[in-house]
Every structure is written in C-alpha cells, then in structure tokens.
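Everything below concerns the one structure shown next.
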Amino acid sequence: MLTVEQIAEMTGARIISGPSDRSVAGISSFDDAGSNHLTFAVDQGYLSRLDQSRAAAVLVPEGTSPDAASGKVLLVHTAPKIAFFKVVEFFFPTPEMTAGIHPTAVLGKNVQLGEDIVIEANVFVGDNTSIGSGTRIMANAYVGDHCRIGDGCEFKPNVTVMDRSSIGDRVTIHSGTVIGSDGYGFAQADGTHNKLIHTGHVEIGDDAEIGACTTIDRGTLGVTRIGKGVKMDNQIHIAHNVKIGDNSLVVAQVGIAGSTSIGKNVIIAGKAGISGHLTIGDNAIVGPYAGVSANVAAGEIVSGIPHMPHKTWLKVANIISRLPGMRTQLRSLERRMNKIEGKTTE
Amino acid sequence: MLTVEQIAEMTGARIISGPSDRSVAGISSFDDAGSNHLTFAVDQGYLSRLDQSRAAAVLVPEGTSPDAASGKVLLVHTAPKIAFFKVVEFFFPTPEMTAGIHPTAVLGKNVQLGEDIVIEANVFVGDNTSIGSGTRIMANAYVGDHCRIGDGCEFKPNVTVMDRSSIGDRVTIHSGTVIGSDGYGFAQADGTHNKLIHTGHVEIGDDAEIGACTTIDRGTLGVTRIGKGVKMDNQIHIAHNVKIGDNSLVVAQVGIAGSTSIGKNVIIAGKAGISGHLTIGDNAIVGPYAGVSANVAAGEIVSGIPHMPHKTWLKVANIISRLPGMRTQLRSLERRMNKIEGKTTE
Amino acid sequence: MLTVEQIAEMTGARIISGPSDRSVAGISSFDDAGSNHLTFAVDQGYLSRLDQSRAAAVLVPEGTSPDAASGKVLLVHTAPKIAFFKVVEFFFPTPEMTAGIHPTAVLGKNVQLGEDIVIEANVFVGDNTSIGSGTRIMANAYVGDHCRIGDGCEFKPNVTVMDRSSIGDRVTIHSGTVIGSDGYGFAQADGTHNKLIHTGHVEIGDDAEIGACTTIDRGTLGVTRIGKGVKMDNQIHIAHNVKIGDNSLVVAQVGIAGSTSIGKNVIIAGKAGISGHLTIGDNAIVGPYAGVSANVAAGEIVSGIPHMPHKTWLKVANIISRLPGMRTQLRSLERRMNKIEGKTTE
C-alpha cells in the first residue's frame with residue numbers, strides 16, 4: 001500500500017490533479033487496472049481515453065493537462081513508463097537469494113568464485129572458469145571450461161555457455177539459449193564436407209540481455225562479439241564472427257549470417273535476415289521480415305525482400321496486392337495500342 | 001495379432017469387402033505397408049490406387065465402393081484416420097510408468113503432489129508449486145516456484161517452465177521449450193535500454209500441446225494465455241501478453257509479437273509472422289510465410305508479405321515471376337506510344 | 001612454434017617464396033594476423049591484397065605467383081583452407097578426454113556401452129540403449145530408451161535424443177537440439193484436434209552434424225531420415241517423415257514440412273521454407289528466404305517467395321523496388337492512350 005504522495009517521492013513525479021493521500025494497492029496495465037491500482041499512459045492513444053481506465057492514479061507525460069483527470073490522480077513525469085516500473089519493483093520486490101552452491105551442482109577444477117554467488121541444482125561448471133560476485137546460475141544450466149563470467153549475471157535454467165566464453169557484468173541469459181556452439185564452417189573435398197575446428201569464442205558485453213532459445217556461435221578463428229547493453233529477443237541466430245555494436249536491439253527470430261558486422265544503436269526487427277560478410281552502419285534500422293543482402297549505411301532505414309529504403313517499401317507494399325490489376329491494365333493497353341497502330345499505319 | 005473383425009469392433013468400422021477372419025500383424029503407412037499390415041486411405045489420391053498398396057486391410061471413408069478392394073479387406077469408417085490410430089495404440093501400448101520421484105530430482109519447499117506422479121532424474125521443482133495426479137516430468141526438466149501444473153500432463157526432457165506458470169490438465173510440452181521467459185520489454189533513457197521487471201505469467205489451457213524449442217514469454221503485466229486444445233508446433237515464438245483462443249493451430253517457426261490477440265479455431269501456417277497489438281478473428285487462416293501487419297477479420301484467409309486476401313495472393317504469386325516480362329512490355333509500350341504521339345501531333 | 005618447412009611437410013604444401021626456416025607461432029584470420037602468424041587466402045579478394053596482411057606466412061591456391069608475396073612466405077596448396085585448418089589443429093589439439101561415467105549420470109537398465117566412452121555429469125541414458133566406442137555425451141544431455149548411438153559421436157550439453165533414435169558414427173549434435181520429438185499430427189473430430197500416437201523414429205547417418213536448437217521430429221509412422229555427411233546449422237525445423245539425402249547442406253532457420261524428401265548434395269540456404277509432401281531433386285539449390293511450394297527438379301536453382309528459377313529471381317529482385325515507378329508509368333500511358341484514342345476516333 002502506497003499513497004500517491006509516496007509514489008511521487010519514489011519516482012520524482014509531480015501530482016497535478018487529485019488528492020495526494022489517495023492509496024494505491026497495486027499496479028496494472030491501462031485496461032486491466034482496478035479502482036485502487038496505479039497505471040501509466042505514454043501516448044495519445046491512452047491519454048485520450050483516460051476516462052475509460054478504472055485506475056486510481058495514472059503516471060502521464062509532461063504537458064498533460066489536469067483537465068483530463070476525470071477523477072483520477074494524475075502524476076506527471078518525463079518518463080512515465082520508467083517511473084511506473086519503479087513502482088512495480090516496489091510491489092514485486094526481487095526475492096532474496098541465499099548465496100551458496102547446491103550440493104547437486106558439479107564444479108570442475110580451479111573454478112574461481114566471487115562473493116554471494118548462487119549456483120543451483122544440477123548446474124555444471126567446467127575447469128578453470130571464473131564467476132563474478134552476485135552472479136546466479138539457475139538449475140540445470142551448463143558453463144564450460146575456461147569461461148569468464150562477470151558480476152551480477154543471471155543465467156536462467158537450461159542455459160548452455162560453452163568453453164572459453166567471456167561474459168561481462170550484469171548479463172542476463174534466458175533459458176534454452178546456447179552461447180559458443182560451433183559455427184557452420186566446412187570445407188569441401190571429394191564431395192564431402194569436412195568439419196573445420198572452431199577455435200574462436202564468444203564475448204558478451206556488460207548489461208546485455210539474451211532471450212530464450214537464441215544461439216550465438218563462437219568465432220571460427222577469433223571472436224563473435226555482442227556489445228554492451230545489446231538486448232536480444234528469443235530464437236535469434238547469430239553466426240560465427242558476427243559483431244554487434246553497443247546498445248543495439250535485435251528482435252525475435254532474426255538470423256545474422258557469418259562475419260557480418262552490425263553497428264551501434266541499430267534496430268533489427270523480428271524475423272529479418274542478414275547475409276554474411278556485410279556491414280550495417282550505426283543507428284540503422286532493419287524492418288520486420290527484411291532480407292538484407294548488401295551493406296546498409298549508418299542511419300539508413302530498410303525493409304522488404306530484398307531490402308530497399310523503408311519509404312520505398314511502404315509504397316511497394318501497397319502495390320504488391322494490385323499486381324493482378326496492373327497486369328490486366330497492361331494487357332488492355334497492349335490491345336488498344338495494337339488497334340491504334342493498325343489505324344495510324346493505314 | 002488382430003483379426004479384421006476385432007479391428008472393426010475396436011474402431012466401430014464396418015467390413016465391406018474381404019474375409020473377416022483375416023489376421024493383421026501390424027500397422028503401416030499406405031506405401032510402406034507389408035502384406036499383413038493394416039493401413040488407411042483418406043482421400044481420392046490414395047483411394048484411386050488401392051491396388052498399389054500391399055496392405056492386408058485398409059480403413060476407408062464412408063461411401064467407398066467394395067469394388068475398389070483388389071483383394072484387400074476394406075473397413076469403412078466416418079473418420080478412417082482416427083480409427084487407424086486407435087489400432088496403432090493397440091500395437092504400441094503406452095509403456096507403464098512406475099510412479100515415483102527419482103532420488104536425483106530436487107524438490108523445493110511446500111511442493112504439493114497429486115497421485116501417481118512420475119518425476120524423473122535431475123528434475124528441479126521450485127517452492128510452492130503444485131503438480132496434479134498422473135503428471136510425468138521427464139529427466140532434466142525444470143519447473144519454477146509457485147507454478148500450478150494440472151493432472152495428466154507430460155513435460156518432456158529439458159523443458160523449462162518458469163515461476164508462476166499455470167498449466168491446465170493433459171498438457172504436453174516437448175523438449176527444449178521455455179514457458180514464462182521474460183518478454184522483450186525495455187524503456188529507453190539516455191541512450192540505453194533499461195530492463196523492465198516482468199511481473200506477469202503464462203497460462204496454458206487444458207489439452208494444449210506445445211512443440212519443441214518453442215518459447216512463450218510471460219506477460220509484462222498480466223497474462224500470456226494459450227487457450228484450451230491449442231496445438232503448437234516447434235520453434236514458435238509467442239511474445240508477452242499474447243492471447244490465443246481455444247482450439248487454434250500454430251505451425252512451426254511462427255512468430256507472434258507482443259499483446260496480439262488470436263481468436264478461436266484460427267490456423268496460422270508455418271513461418272508466418274504477426275505484428276504486435278493486432279487482433280486476428282475467430283476461424284481466420286494465415287498462410288505460410290505471411291507477414292501480418294494489420295487486424296484480420298473473423299473467418300478471413302490471408303497470405304503474402306504484406307498479407308492480403310488469400311485469393312489475391314494466389315494471383316499475385318503467379319505474377320511475381322513475370323515482373324521482368326511486364327517491365328519489358330511496359331517499356332515497349334512507352335516507345336510505341338512515343339512514336340504514335342510523334343505521328344499524331346505531326 | 002613451427003617453421004614454415006614443418007608446415008609444408010604437415011600439409012603437403014609447397015613453399016614458393018620466402019625463407020623456409022621462418023617461425024610461425026600461431027594462426028589467425030587474414031585481417032587479424034600478427035607478424036608471427038600463419039593465415040590463408042582462398043580467393044582473389046584476399047590474394048589481391050596480400051600486402052595488407054601482417055602474417056608471416058600465407059597458404060595460397062595453386063597458380064599464385066611468388067611475385068605477390070610482399071615479404072611473406074607463400075605456401076601453395078590445392079586446398080589452402082583445409083591445409084590451414086590442419087595447422088590450426090596442431091595449435092589447438094583436442095583436449096584428452098578421460099573415459100568414464102560421472103557419478104551423477106543416471107543410466108537405465110540394460111544399457112550397452114562400447115569402449116572409451118565419456119558420460120558427463122547429470123546425463124540421463126534410458127533403458128536398452130547402446131552407445132558406441134569413443135562417444136562423448138556431455139553434461140545435462142538426455143538420451144531416451146531403445147536408442148542406438150554409434151562410435152565417435154559427440155552430444156553437446158543439454159541435447160535431447162528421444163527414445164528409439166538411431167544415430168550413426170561420428171555424429172555431432174550441438175546444444176539445445178531435440179531429436180525425435182513428436183511431429184505435428186492431429187486428427188480433427190467434433191471441432192477439437194486429437195493427438196495421434198507417433199510410433200516412428202529418427203535415423204541420422206554417419207558423419208552428420210546437427211547445429212544448436214534444431215528440432216528433428218520422429219516419423220508419425222516410419223522414419224525421419226537424415227543422410228550420411230549431412231551438415232545442418234542452428235534452429236532448423238525438420239518435420240515428421242522428412243528424408244534428407246547424403247551430403248546435403250541445410251543452413252540456419254530453415255523449415256521443412258512433413259514428408260518432404262530432399263535429395264543428395266542439395267543446398268538449402270538460410271531461412272528458406274519448404275512445404276510438405278514435396279520432392280527436391282539431387283544437387284538442387286534453394287536460395288535464402290525462398291518459399292518452396294512445389295517440387296524442385298534435380299540440379300535446379302530456385303529463389304524467391306514463391307520460388308522461381310534463381311535467374312528469374314535475380315531480375316525480379318531488381319524490379320520489386322521499382323514497382324511504384326512502373327505503376328506511375330502505367331497510369332501515364334493510360335492517360336496518354338485515352339488522349340490518343342480521343343484524337344484518332346475524331
């Protein structure tokens with residue numbers, strides 16, 4: 001239970017409407033909120049229908065008029081969503097972990113452990129691996145030999161981190177994900193495909209988050225590198241020797257082929273595919289389902305299969321379903337042309 | 001060993017041709033069947049070549065003529081495939097499970113167990129979780145804290161079910177699948193992406209089946225809900241707060257983005273992608289590879305990237321490879337037009 | 001430390017430039033090589049800029065001129081990449097495995113083991129399964145009942161191999177991958193989808209390699225078969241009863257629907273999808289993102305959604321972004337035609 005005044009203090013928000021002693025018992029989304037809940041509204045779509053939410057109090061952006069309140073407490077904040085999730089954390093505090101190593105965990109030789117580490121049931125940690133302070137490795141996860149794991153990481157259940165991976169601080173890896181599998185690299189001889197030894201490894205920067213059932217292959221030689229603050233979704237495939245710059249976003253089911261280099265602050269939308277040996281510049285955006293088969297310059301926005309400037313794709317997407325009509329029109333013009341040519345040559 | 005008479009009794013089929021005391025020693029597909037096997041034929045493609053199968057007996061649909069038998073025993077049934085698989089179950093009885101908890105399984109505090117439960121080797125079950133009667137959790141699977149698992153479920157090896165998931169009765173989850181991972185939800189501030197706490201959970205209805213290496217993210221706030229009788233294939237990505245109505249089918253490698261709502265009895269074919277915050281109506285069908293970026297009405301059938309009515313897509317699909325010809329034709333018309341305009345303006 | 005003379009002996013290469021007693025301390029890629037490293041150059045892109053690599057020595061193809069050396073030792077070989085990776089194996093020798101079964105591994109009844117087997121921590125092996133000599137099953141992997149696993153295989157951590165799978169010799173399976181999950185097969189009755197019992201199994205031939213988080217479903221009846229020497233990448237979905245011929249290559253995120261048959265030496269590029277019940281002939285190539293919905297003849301090269309001859313797709317891909325221009329042109333022609341028709345009918 002919090003008063004809206006306490007919420008204002010906790011978040012730095014400013015009450016612009018309603019009684020500051022109103023109580024809030026929980027948090028909810030805009031449409032699910034009950035009459036004693038806090039919610040938030042970030043865009044005009046929600047702000048225009050504040051009267052439809054049953055919430056007791058709403059975090060809204062700077063510039064919102066108190067007149068919109070319709071009986072609710074309005075709290076103004078420069079970043080209402082971030083402020084809201086601070087309150088969520090109050091209501092859903094992170095459970096206290098008891099540091100320790102479960103008796104069923106198996107640790108190799110010469111494992112170096114920081115302080116306050118949690119290693120849960122049936123976890124395997126290989127030889128010569130170091131794990132930083134405050135890191136939690138959940139049940140049934142695997143960490144190979146010669147890995148360096150930073151401080152404050154969380155590896156969810158059934159994660160696989162193969163040998164020689166280097167993981168920064170505060171990295172979260174979700175379940176089913178595989179870091180450091182061998183890349184797809186073979187050499188043909190006499191009609192068969194010969195396995196090449198993959199001696200590279202994977203590096204993941206501080207504050208990265210990797211979704212579930214994602215695979216990041218090790219470098220064939222050298223490194224596959226995920227930058228600091230990169231956020232990756234589920235079921236993404238990152239091939240050998242790919243580099244992704246700091247703070248880039250990669251959405252679900254994207255595939256990036258070998259040796260491609262992605263800049264900083266790039267956004268790659270869901271299901272896009274990027275061919276190998278390409279360069280995607282800083283701040284570029286690749287649209288959903290896009291098939292990228294050539295370099296993309298910094299700041300460019302591309303979409304489509306094959307990829308093209310996003311503005312062009314918007315027009316193209318509008319035309320594709322009209323192709324049957326265009327074909328009919330073309331045939332009709334052809335016939336009319338034949339007729340006219342017949343006349344004019346008479 | 002069964003006689004065809006016993007098969008007729010077991011399935012409710014009617015013998016329309018051949019000796020009722022013929023013996024059947026096993027089951028097979030139409031083309032692989034040996035001379036003492038039962039098979040089935042559901043459509044004209046198979047019925048028209050009954051003479052090519054070596055099977056001793058064939059389950060066929062109502063209306064099949066005994067004249068087609070070509071020496072085989074024909075058994076007529078309203079649903080020959082379902083009847084056939086009843087016989088398959090006779091020949092491949094489910095192995096008896098010995099209820100019990102393997103000594104290497106690790107159970108948390110206050111776990112509530114129904115009767116006849118099988119918990120296999122190296123399974124982890126968290127605190128305050130309840131598991132219904134007759135449920136089997138196979139080796140190396142993980143079930144988190146505060147989960148409710150129904151009766152008669154089967155979790156295959158290496159499944160991950162995260163905390164607070166709610167799973168109905170008779171739900172099968174295949175290996176590698178992750179239920180309740182955090183969704184892809186971040187808030188930007190100062191050029192970095194800040195993790196939002198995900199307090200929601202996943203609910204899966206009775207009789208649902210979830211394929212291998214599929215990921216279903218928890219709600220950010222609130223619930224991600226898979227309806228009763230929903231059948232999902234492998235490698236499907238379901239984002240936070242998605243809802244899928246009862247008895248819908250989702251085929252392999254589909255991706256559904258956050259907060260989208262799918263109706264009942266919907267079919268989403270393989271590799272289709274559906275953007276976030278959309279509504280797909282009851283009984284709609286989304287074709288393979290379709291890229292859906294707007295609402296789809298109930299009963300509508302859509303295909304293509306971007307999606308369009310399926311009938312339109314069939315025409316478009318036929319035209320795309322002809323675009324080079326259309327372009328040539330268009331240029332030719334342009335030239336001819338220029339020439340004629342030259343003449344007519346003379 | 002090796003001299004280039006030793007490298008020549010080890011690989012069968014021929015020194016065509018530079019001192020044969022030069023020492024090499026390690027291996028690297030072309031662009032990362034240090035001044036005491038060996039690297040390789042296979043195509044003109046690299047050969048034309050030999051002066052830009054700092055490498056001490058370079059493996060190059062037959063026909064390379066000594067004049068290109070720019071101070072480096074040049075070693076000529078018919079297959080420079082394969083020769084290079086022989087040297088890589090010298091510098092990165094496979095760590096010696098100590099044969100044995102970890103005390104936390106759980107083995108069922110009547111398991112038959114060859115010689116020099118490694119079974120790591122928390123592995124589960126089911127009843128009546130046989131494992132060949134020299135095979136290594138890494139930590140937290142699962143192998144079901146009645147499996148036959150050949151000699152010299154390596155199953156990485158968290159692999160799942162379900163009951164009755166048959167795996168040849170020298171097969172590598174990467175982490176998170178699931179072999180033998182039930183296929184997507186249901187029969188509708190009364191508006192619900194009824195589970196069919198899947199009695200088939202998976203067979204994988206000798207020398208196959210299966211990437212991470214890939215799923216290969218068992219046959220519904222009969223077999224799903226992966227041929228000898230097939231190399232599969234990550235996150236591939238192979239449905240029930242698919243057959244893939246020897247030495248075919250399947251790249252990441254491909255999906256192949258039920259009962260489709262792929263020939264020998266086929267290449268299926270990343271993210272392609274192939275519908276069910278199709279035949280793809282020997283030596284065919286399917287391009288990236290292709291959507292294949294009909295048979296592909298032996299030796300054919302196809303691309304696009306829907307698939308078409310690759311040469312056609314190259315033209316089409318070049319035209320799609322010009323559709324808005326074509327539409328404008330078409331409309332303009334229409335107007336001009338109307339005007340001319342007005343004149344000529346005057």
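Residues are referred to by chain and number: the chain letter is A, B, ... according to the order shown in the structure tokens, the number counts from 1 in that chain, and ligands are numbered separately from 1 in the order shown.
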
Q: Excluding His310 in chain C and residues on its chain fewer than 6 positions from it, collect all residues at most 8 Å away from it, counting only C-alpha atoms, and give them as a list in words.
A: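 The neighbour list is Gly287, Ile301, Val302, Ser303 and Gly304 of chain C.
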
Using only N, CA and C atoms, please write the residues we just selected to a file, as a compact mmCIF listing (two decimals), in the first residue's frame.
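Written file, selection_16.txt:
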# COMPACT_ATOMS: atom_id res chain seq x y z
N GLY C 287 17.55 -20.97 -52.51
CA GLY C 287 18.15 -19.73 -52.03
C GLY C 287 17.62 -19.30 -50.67
N ILE C 301 18.16 -24.49 -59.53
CA ILE C 301 18.46 -23.47 -58.52
C ILE C 301 17.26 -22.55 -58.43
N VAL C 302 16.67 -22.46 -57.25
CA VAL C 302 15.45 -21.65 -57.09
C VAL C 302 15.61 -20.64 -55.95
N SER C 303 14.87 -19.54 -56.06
CA SER C 303 14.85 -18.50 -55.03
C SER C 303 13.49 -17.82 -55.04
N GLY C 304 13.25 -16.97 -54.05
CA GLY C 304 12.06 -16.13 -54.04
C GLY C 304 10.87 -16.73 -53.32

Q) Contacts of range 104-119 of chain B at 9 Å or less, counting only C-alpha atoms, minus same-chain residues fewer than 2 places along, as an NGL selection string? A) (:A and (104 or 121-122)) or (:B and (97-102 or 121-140 or 145-146 or 151-152)) or (:C and (104 or 106 or 122))

Q.
Tell me as a ChimeraX atom specification which residues belonging to chain B come within 8 Å of chain A, counting only C-alpha atoms.
A. /B:106,122,124,140-142,158,160,176-178,181-184,187,191-193,196-197,199,213-215,221-222,235,237,255,273,291,305-306,308,312-313,315-316,319,326,329-330,333,336-337,340

Q.
Just the number, please: distance in Å from CA of His37 in chain B to CA of Leu74 in chain B, one decimal.
A.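 Separating CA of His37 in chain B from CA of Leu74 in chain B is a distance of 12.5 Å.
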
Q.
Considering only strand (DSSP E or B) as DSSP defines it on the backbone, what residues of range 75-204 of chain B qualify? List them as a PyMOL selection string.
A. chain B and resi 75-77+100-101+106-107+112-113+118-119+124-125+130-131+136-137+142-143+148-149+154-155+160-161+166-167+172-173+178-181+186-189+192-195+201-204

May I have the selected residues written with N, CA and C atoms, as a CSV table (one decimal), in the first residue's frame?
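Written file, part_6.csv:
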chain,number,residue,atom,x,y,z
B,75,LEU,N,-12.4,-51.7,-44.6
B,75,LEU,CA,-13.2,-51.4,-43.4
B,75,LEU,C,-13.6,-49.9,-43.6
B,76,VAL,N,-14.9,-49.7,-43.6
B,76,VAL,CA,-15.4,-48.3,-43.8
B,76,VAL,C,-15.6,-47.6,-42.4
B,77,HIS,N,-15.3,-46.4,-42.3
B,77,HIS,CA,-15.4,-45.6,-41.1
B,77,HIS,C,-15.6,-44.2,-41.4
B,100,GLY,N,6.6,-42.2,-9.0
B,100,GLY,CA,7.7,-42.1,-8.1
B,100,GLY,C,8.6,-40.9,-8.4
B,101,ILE,N,9.4,-40.5,-7.5
B,101,ILE,CA,10.3,-39.4,-7.6
B,101,ILE,C,11.7,-39.9,-7.6
B,106,VAL,N,15.3,-32.8,-7.5
B,106,VAL,CA,15.4,-31.8,-6.4
B,106,VAL,C,14.0,-31.1,-6.3
B,107,LEU,N,13.4,-31.2,-5.2
B,107,LEU,CA,12.1,-30.5,-5.0
B,107,LEU,C,12.2,-29.5,-3.9
B,112,GLN,N,3.3,-29.4,-3.6
B,112,GLN,CA,2.1,-30.3,-3.4
B,112,GLN,C,2.0,-31.2,-4.6
B,113,LEU,N,1.9,-32.5,-4.3
B,113,LEU,CA,1.9,-33.5,-5.4
B,113,LEU,C,0.6,-34.3,-5.3
B,118,VAL,N,5.1,-39.1,-11.8
B,118,VAL,CA,6.4,-39.5,-12.2
B,118,VAL,C,7.3,-38.3,-12.3
B,119,ILE,N,8.3,-38.2,-11.5
B,119,ILE,CA,9.3,-37.1,-11.6
B,119,ILE,C,10.7,-37.8,-11.8
B,124,PHE,N,14.2,-30.4,-11.5
B,124,PHE,CA,14.1,-29.4,-10.5
B,124,PHE,C,12.6,-28.9,-10.4
B,125,VAL,N,12.1,-28.9,-9.2
B,125,VAL,CA,10.7,-28.3,-9.0
B,125,VAL,C,10.9,-27.3,-7.9
B,130,SER,N,2.5,-26.8,-7.3
B,130,SER,CA,1.6,-28.0,-7.2
B,130,SER,C,1.6,-28.7,-8.5
B,131,ILE,N,1.6,-30.0,-8.4
B,131,ILE,CA,1.6,-30.9,-9.6
B,131,ILE,C,0.5,-31.9,-9.5
B,136,ARG,N,3.7,-36.5,-15.6
B,136,ARG,CA,5.0,-37.0,-15.7
B,136,ARG,C,6.0,-35.9,-16.1
B,137,ILE,N,7.0,-35.7,-15.3
B,137,ILE,CA,8.0,-34.7,-15.6
B,137,ILE,C,9.3,-35.4,-15.9
B,142,TYR,N,12.9,-28.5,-15.8
B,142,TYR,CA,12.9,-27.5,-14.7
B,142,TYR,C,11.5,-26.9,-14.6
B,143,VAL,N,11.0,-26.9,-13.4
B,143,VAL,CA,9.7,-26.2,-13.1
B,143,VAL,C,10.0,-25.3,-11.9
B,148,ARG,N,1.4,-23.9,-11.0
B,148,ARG,CA,0.3,-24.8,-10.8
B,148,ARG,C,0.2,-25.7,-12.1
B,149,ILE,N,0.5,-27.0,-12.0
B,149,ILE,CA,0.6,-27.9,-13.1
B,149,ILE,C,-0.6,-28.9,-12.9
B,154,GLU,N,2.4,-34.1,-19.5
B,154,GLU,CA,3.7,-34.7,-19.7
B,154,GLU,C,4.7,-33.6,-20.2
B,155,PHE,N,5.7,-33.4,-19.4
B,155,PHE,CA,6.8,-32.4,-19.7
B,155,PHE,C,7.9,-33.3,-20.2
B,160,THR,N,11.7,-26.2,-19.8
B,160,THR,CA,11.8,-25.2,-18.7
B,160,THR,C,10.5,-24.5,-18.5
B,161,VAL,N,9.9,-24.6,-17.4
B,161,VAL,CA,8.7,-23.9,-17.0
B,161,VAL,C,9.0,-22.9,-15.9
B,166,SER,N,0.9,-21.3,-15.0
B,166,SER,CA,-0.3,-22.1,-14.7
B,166,SER,C,-0.6,-22.9,-15.9
B,167,ILE,N,-0.5,-24.3,-15.7
B,167,ILE,CA,-0.7,-25.2,-16.8
B,167,ILE,C,-1.9,-26.1,-16.5
B,172,THR,N,0.8,-31.4,-23.0
B,172,THR,CA,2.1,-31.9,-23.3
B,172,THR,C,3.0,-30.8,-23.7
B,173,ILE,N,4.2,-30.8,-23.2
B,173,ILE,CA,5.2,-29.8,-23.6
B,173,ILE,C,6.5,-30.5,-24.0
B,178,VAL,N,10.5,-23.4,-23.6
B,178,VAL,CA,10.7,-22.5,-22.5
B,178,VAL,C,9.3,-21.7,-22.3
B,179,ILE,N,8.7,-21.9,-21.1
B,179,ILE,CA,7.4,-21.3,-20.8
B,179,ILE,C,7.7,-20.2,-19.7
B,180,GLY,N,7.4,-19.0,-20.0
B,180,GLY,CA,7.5,-18.0,-18.9
B,180,GLY,C,8.8,-17.2,-18.9
B,181,SER,N,9.6,-17.2,-19.9
B,181,SER,CA,10.7,-16.4,-20.0
B,181,SER,C,10.3,-14.9,-20.0
B,186,PHE,N,11.8,-3.1,-22.8
B,186,PHE,CA,12.8,-2.2,-22.2
B,186,PHE,C,12.2,-0.8,-22.4
B,187,ALA,N,12.8,0.1,-21.6
B,187,ALA,CA,12.4,1.5,-21.7
B,187,ALA,C,13.7,2.3,-21.9
B,188,GLN,N,13.7,3.1,-23.0
B,188,GLN,CA,14.9,3.9,-23.3
B,188,GLN,C,15.1,5.1,-22.4
B,189,ALA,N,16.3,5.3,-22.0
B,189,ALA,CA,16.6,6.6,-21.2
B,189,ALA,C,18.1,6.8,-21.4
B,192,THR,N,20.3,4.3,-23.4
B,192,THR,CA,20.4,2.9,-23.1
B,192,THR,C,19.0,2.3,-22.9
B,193,HIS,N,19.0,1.0,-22.9
B,193,HIS,CA,17.7,0.3,-22.8
B,193,HIS,C,17.6,-0.3,-21.4
B,194,ASN,N,16.6,0.2,-20.6
B,194,ASN,CA,16.5,-0.3,-19.3
B,194,ASN,C,15.5,-1.4,-19.1
B,195,LYS,N,16.0,-2.5,-18.5
B,195,LYS,CA,15.1,-3.6,-18.2
B,195,LYS,C,13.9,-3.3,-17.4
B,201,HIS,N,2.6,-13.6,-16.1
B,201,HIS,CA,2.9,-15.0,-16.1
B,201,HIS,C,2.2,-15.6,-17.3
B,202,VAL,N,2.4,-16.9,-17.5
B,202,VAL,CA,1.8,-17.7,-18.6
B,202,VAL,C,0.7,-18.6,-18.1
B,203,GLU,N,-0.4,-18.7,-18.8
B,203,GLU,CA,-1.5,-19.7,-18.6
B,203,GLU,C,-1.7,-20.5,-19.8
B,204,ILE,N,-1.7,-21.8,-19.6
B,204,ILE,CA,-1.9,-22.7,-20.8
B,204,ILE,C,-3.1,-23.6,-20.4

Q: Give me every alpha helix (DSSP H) residue in range 70-246 of chain B, going by DSSP on the backbone, as a VMD selection string.
A: chain B and resid 80 to 91

Saved selection, atoms kept: N, CA and C atoms, as a short mmCIF file (atom, residue, chain, number, x, y, z; two decimals), in the first residue's frame:
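File produced: part-v9.cif:
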data_model
loop_
_atom_site.label_atom_id
_atom_site.label_comp_id
_atom_site.auth_asym_id
_atom_site.auth_seq_id
_atom_site.Cartn_x
_atom_site.Cartn_y
_atom_site.Cartn_z
N PRO B 80 -11.57 -42.47 -40.90
CA PRO B 80 -10.63 -43.60 -41.01
C PRO B 80 -9.29 -43.35 -40.33
N LYS B 81 -8.83 -42.10 -40.35
CA LYS B 81 -7.52 -41.80 -39.75
C LYS B 81 -7.58 -42.00 -38.23
N ILE B 82 -8.63 -41.47 -37.63
CA ILE B 82 -8.77 -41.62 -36.17
C ILE B 82 -8.92 -43.10 -35.81
N ALA B 83 -9.71 -43.83 -36.61
CA ALA B 83 -9.89 -45.27 -36.37
C ALA B 83 -8.55 -45.99 -36.48
N PHE B 84 -7.77 -45.63 -37.50
CA PHE B 84 -6.47 -46.26 -37.71
C PHE B 84 -5.57 -46.07 -36.50
N PHE B 85 -5.54 -44.82 -35.98
CA PHE B 85 -4.62 -44.57 -34.87
C PHE B 85 -5.09 -45.24 -33.57
N LYS B 86 -6.38 -45.61 -33.48
CA LYS B 86 -6.81 -46.45 -32.35
C LYS B 86 -6.13 -47.80 -32.43
N VAL B 87 -6.02 -48.33 -33.64
CA VAL B 87 -5.37 -49.63 -33.82
C VAL B 87 -3.85 -49.49 -33.56
N VAL B 88 -3.29 -48.34 -34.00
CA VAL B 88 -1.87 -48.10 -33.72
C VAL B 88 -1.62 -48.17 -32.21
N GLU B 89 -2.51 -47.55 -31.45
CA GLU B 89 -2.33 -47.55 -29.98
C GLU B 89 -2.38 -48.97 -29.42
N PHE B 90 -3.16 -49.85 -30.06
CA PHE B 90 -3.19 -51.25 -29.63
C PHE B 90 -1.82 -51.89 -29.84
N PHE B 91 -1.22 -51.62 -30.99
CA PHE B 91 0.07 -52.25 -31.30
C PHE B 91 1.25 -51.58 -30.57
#

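Within the 12 Å cut-off around Ser48 in chain C, using only C-alpha atoms and omitting residues fewer than 2 positions from it on the same chain, the listed residues are Ala41, Val42, Asp43, Gln44, Gly45, Tyr46, Leu50, Asp51, Gln52, Ser53, Val60, Thr64, Ser65, Asp67, Ala68, Ala69 and Ser70 of chain C.
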